[in-house]
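A.B. asks: Here it is, the structure in full.
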Amino acid sequence: MIGRVDATLRKAEAIDGLLHVAAVWLLATRYVFELGFYSDDWSFLATMFLSEDQSPSGLFRALQAAHDNTLRPVQWLALVGLYELFGLQPTGYHVFNAGMLALGAVLFYFVMRELRQPRILAVAVPLMYALLPHYSTDRFWISTFQANVSMCLYFLSLFADLKTLRSDTTRPWRWKALSLASALASGFAYEVFLPLLLLNSILVLYLGRAGGWLRTDGRHAPMKLLLLSGTTVAAVLSVVIFKALVARRATGGVHIRSYLDWLVGQLLRAFWVSYDSHLLQIPRTVWRIVSDYANWGDIATAGVVAVASFAYLYKLGGAAKESGVAAPQRVVAYYLGLGIIAFVAGHSLFPLDPTVSGVNNRAAIAASVGVALSFAGLGGLVAFLGPSRARRAMFCGVVVVAATSGFLTISAEAKFWVGSYRLQTRILDDIRDHVPSIPRGSTVILDGACPFNGPAVVFNSDWDLSGALQILYGHSDIRANVVASALRVDEDGVAIRKAAEYIVYPYRQLFVFHAGRKERFDLVDAPSARNYFDIVSGDVVSRCPPGEDGLGVEIF
């Protein structure tokens, strides 16, 4: 009898997992086969493409030597593996990433089940998380795929910790070993989940002390529980200390007051993005998407996801034991509280200003765990305020609205990334057609093209255009950049600002390729450079669509 119950439960959980996989893949099929390479992707690909040692270890060493300021060996391992499989064909990379997103949703679901949450909540929260547009850049840009790998490893670490608490006395350390390995790998893939990993250790302590979780008898049980929790803390701190000591980015000391001032500003901006732009503004956003961006395929697919999700969740909520909204006050308290804690932790480390749809939202993937939890709490609040007979439908409605609006938003953003890659391909084809060869030691400056297509990068820096041209012409001795508003003509060369400094490109073997005119202009000295930028180049704004100044724009 027990075996039959277990088999039924496993079958039900498998169906739950398939729902998450189907939702992610229905979304991914709207764009995944048309995406390409962007920004840092070109630099990483050029490093591997031009490496003298084409073995996997040689490619890894080449990436580490050229880009060691990030100290993300798991990212290099993933890139090397994908490059070995797919080379310079982007589709395989993006299919892999869609698989990571689906895996993350499934692992989140099993974490919820291991936390003994009702199935309706265990399905609803990961479903919303999988379709949130808050971290949309991580779906399109290969150089951010390590964030999704880190996310999967984070959920695996938490799942293994929970299994540690539930295992008998002979097996917990196997699960704990998996948890520690996953935590370390997550930190060395991307740093943004490190604060949430610390929260895992607190959760382990709480659940272990609550009784019924840690199956260890005797006076040594508290010590074992502290060891289980403390090893996670030690793993996280080791990653933080190592990166702080070695990474070139981590320069200067940390001042507590400055950090707190930064954190308050970061959280205020992130709160506005997450709960105003992506929640209160859902009606306006959906209307604009349907009016300006979506096609009938997008709308129909989103409709299928909405109807199927609502029907499935409503069915799960039919039994009182599994409803999860029979006592919505508990849902509101727990999920809002835990959601806000995870939201704050997820934004507490990475110094990128939160954005609605721009490239900086790549860092919001960890905080979005808290957003999904808090949205479930808000769904419980809505259900609590409604009539008792409609509570289940109202809760399911909140979940479906959040998931479906995210589906449509991501589909709309994807069109800009697809369009960006087409623009890049056109620019590179034009350069190749009009500049048959680029001698070693040459510098190419791209003009006449907008650096961004909405929130998506076209060519906007020295590293992306350089990498693309190095691959195109087959050698690494090419420097490149794009015309930006912060450009200066000096007597010894053309200076283009990068961050707080200027990069000076000497007039020796320096030329501009104007994408609009499809012409090459050699800059041999200061007078010829001034003549070009005064007469031919024009204003930066004139080469971008209205509302875009070459810095990228939010589309919602």
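So you can find residues: chains in the structure tokens are A, B, ... in the order shown, residues in each start at 1, and ligands are numbered from 1 in order.
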To test your reading of the structure, identify every residue in stretch 219-462 of chain A that backbone DSSP assigns to strand (DSSP E or B), and report it as a list of chain:residue names.

C.D. replies: A:Ser442, A:Thr443, A:Val444, A:Ile445, A:Leu446, A:Asp447, A:Phe452, A:Asn453, A:Ala456, A:Val457

A.B. asks: Write out as a PyMOL selection string which residues come within 12 Å of A:Ala300 when counting only C-alpha atoms, dropping same-chain ones fewer than 4 positions away.

C.D. replies: chain A and resi 26-27+30+290+294-296+304-307+404+407-408

A.B. asks: Which residue gives the smallest distance to A:Arg113 among A:Tyr259, A:Phe193, A:Phe159, A:Phe140, with only C-alpha atoms counted?

C.D. replies: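 Ranked by minimum distance to A:Arg113, first place goes to A:Phe159.
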
A.B. asks: Would you list the contacts of A:Leu50 as a PDB file with C-alpha atoms, in the first residue's frame, taking every protein, DNA or RNA residue within 9 Å and counting only C-alpha atoms, but skipping same-chain residues closer than 5 positions in sequence?

C.D. replies:
ATOM      1  CA  LEU A  45      34.710  33.401 -28.695  1.00  0.00           C
ATOM      2  CA  GLN A 470      39.298  39.048 -35.142  1.00  0.00           C
ATOM      3  CA  ILE A 471      37.119  36.024 -35.850  1.00  0.00           C
ATOM      4  CA  GLY A 474      41.339  35.276 -38.623  1.00  0.00           C
ATOM      5  CA  HIS A 475      43.935  37.068 -36.496  1.00  0.00           C
ATOM      6  CA  SER A 476      44.041  38.742 -33.090  1.00  0.00           C
TER       7      SER A 476
END

A.B. asks: For a test of reading the model, state the distance in Å between atom CA of A:Arg209 and atom CA of A:Leu165, rounded to one decimal.

C.D. replies: 10.5 Å
